[in-house]
Amino acid sequence: MLKKRVHGKTNLRFAITHVEAPEKAKRLAAMIKKEFHSDIEFVLQASPVLGCYSGPGACGVSVLCDS
């Protein structure tokens with residue numbers, strides 16, 4: 001899904017947020033780095049509000065890029 005979203009985009013930058021899942025976030029960061037040859041800008045703990053709705057173990061990826 002991520003690969004399809006960023007197809008043709010340049011200057012990719014990624015951030016990962018997680019809910020009590022730092023190891024899962026690290027694995028996701030490694031997969032993204034390998035696939036897109038891009039460093040992860042941030043790996044952050046999600047806010048309590050986001051965690052309340054998504055639950056423990058959830059991870060999210062944010063992407064910034066040029067067109």
# chains A, B, ... in the order shown; residues from 1 in each chain; ligands from 1
$ residues_around --residues "stretch 36-42 of chain A" --least-positions-apart "2" --cutoff "7 Å" --atoms "only C-alpha atoms" --output "ChimeraX atom specification"
/A:12-16,29,32-34,44
$ write_last_selection --atoms "N, CA and C atoms" --output "tab-separated table (two decimals), in the first residue's frame"
chain	number	residue	atom	x	y	z
A	12	LEU	N	11.56	11.41	-0.56
A	12	LEU	CA	10.73	10.73	0.43
A	12	LEU	C	11.32	10.85	1.83
A	13	ARG	N	10.47	11.18	2.79
A	13	ARG	CA	10.85	11.25	4.20
A	13	ARG	C	9.74	10.58	5.00
A	14	PHE	N	10.13	9.76	5.95
A	14	PHE	CA	9.16	8.95	6.70
A	14	PHE	C	9.25	9.22	8.19
A	15	ALA	N	8.11	9.07	8.85
A	15	ALA	CA	8.04	9.09	10.31
A	15	ALA	C	7.13	7.95	10.73
A	16	ILE	N	7.45	7.34	11.86
A	16	ILE	CA	6.65	6.22	12.37
A	16	ILE	C	6.17	6.58	13.77
A	29	ALA	N	10.60	0.37	10.49
A	29	ALA	CA	11.60	1.33	10.02
A	29	ALA	C	12.65	0.63	9.15
A	32	ILE	N	11.11	-0.16	5.74
A	32	ILE	CA	10.98	1.05	4.93
A	32	ILE	C	12.35	1.48	4.39
A	33	LYS	N	13.35	1.45	5.25
A	33	LYS	CA	14.70	1.85	4.84
A	33	LYS	C	15.19	0.95	3.71
A	34	LYS	N	14.96	-0.34	3.83
A	34	LYS	CA	15.39	-1.29	2.80
A	34	LYS	C	14.64	-1.08	1.49
A	44	LEU	N	8.20	7.82	17.00
A	44	LEU	CA	7.60	8.45	18.17
A	44	LEU	C	6.50	7.60	18.79
$ residues_around --residues "stretch 24-27 of chain A" --least-positions-apart "6" --cutoff "8 Å" --atoms "only C-alpha atoms" --output "PDB file with N, CA and C atoms, in the first residue's frame"
ATOM      1  N   ILE A  16       7.450   7.335  11.861  1.00  0.00           N
ATOM      2  CA  ILE A  16       6.654   6.219  12.372  1.00  0.00           C
ATOM      3  C   ILE A  16       6.170   6.577  13.771  1.00  0.00           C
ATOM      4  N   THR A  17       4.913   6.297  14.023  1.00  0.00           N
ATOM      5  CA  THR A  17       4.371   6.453  15.366  1.00  0.00           C
ATOM      6  C   THR A  17       3.848   5.094  15.822  1.00  0.00           C
ATOM      7  N   HIS A  18       3.926   4.845  17.114  1.00  0.00           N
ATOM      8  CA  HIS A  18       3.494   3.543  17.614  1.00  0.00           C
ATOM      9  C   HIS A  18       2.820   3.693  18.970  1.00  0.00           C
ATOM     10  N   VAL A  43      10.794   8.307  15.032  1.00  0.00           N
ATOM     11  CA  VAL A  43      10.025   7.182  15.554  1.00  0.00           C
ATOM     12  C   VAL A  43       9.508   7.666  16.904  1.00  0.00           C
ATOM     13  N   GLY A  57       0.035  -1.786  20.339  1.00  0.00           N
ATOM     14  CA  GLY A  57       0.608  -2.525  19.216  1.00  0.00           C
ATOM     15  C   GLY A  57       0.414  -1.865  17.870  1.00  0.00           C
ATOM     16  N   CYS A  59       0.813   0.732  14.807  1.00  0.00           N
ATOM     17  CA  CYS A  59       1.874   1.553  14.219  1.00  0.00           C
ATOM     18  C   CYS A  59       1.298   2.322  13.049  1.00  0.00           C
TER      19      CYS A  59
END
$ select_by_dssp --residues "chain A" --states "alpha helix (DSSP H)" --output "PyMOL selection string"
chain A and resi 2-6+22-36+48-54
$ select_by_dssp --residues "chain A" --states "strand (DSSP E)" --output "ChimeraX atom specification"
/A:10-18,40-45,59-66
$ residues_around --residues "A:Gly51" --least-positions-apart "5" --cutoff "7 Å" --atoms "only C-alpha atoms" --output "PDB file with N, CA and C atoms, in the first residue's frame"
ATOM      1  N   VAL A  19       2.046   2.681  19.325  1.00  0.00           N
ATOM      2  CA  VAL A  19       1.372   2.631  20.626  1.00  0.00           C
ATOM      3  C   VAL A  19       1.975   1.466  21.407  1.00  0.00           C
ATOM      4  N   ALA A  46       2.892   7.306  20.094  1.00  0.00           N
ATOM      5  CA  ALA A  46       1.639   7.993  19.755  1.00  0.00           C
ATOM      6  C   ALA A  46       1.058   8.671  20.996  1.00  0.00           C
ATOM      7  N   PRO A  56      -3.064  -0.871  21.838  1.00  0.00           N
ATOM      8  CA  PRO A  56      -1.659  -1.254  21.967  1.00  0.00           C
ATOM      9  C   PRO A  56      -1.188  -2.066  20.767  1.00  0.00           C
TER      10      PRO A  56
END
$ atom_distance --atom1 "atom CA of A:Asn11" --atom2 "atom CA of A:Leu64"
7.9 Å
$ closest_residue --among "A:Cys65, A:Met31, A:Ala58, A:Leu50" --to "A:His7" --atoms "only C-alpha atoms"
A:Cys65
$ closest_residue --among "A:Cys52, A:Glu35, A:Gln45, A:Met1" --to "A:Glu23" --atoms "only C-alpha atoms"
A:Gln45
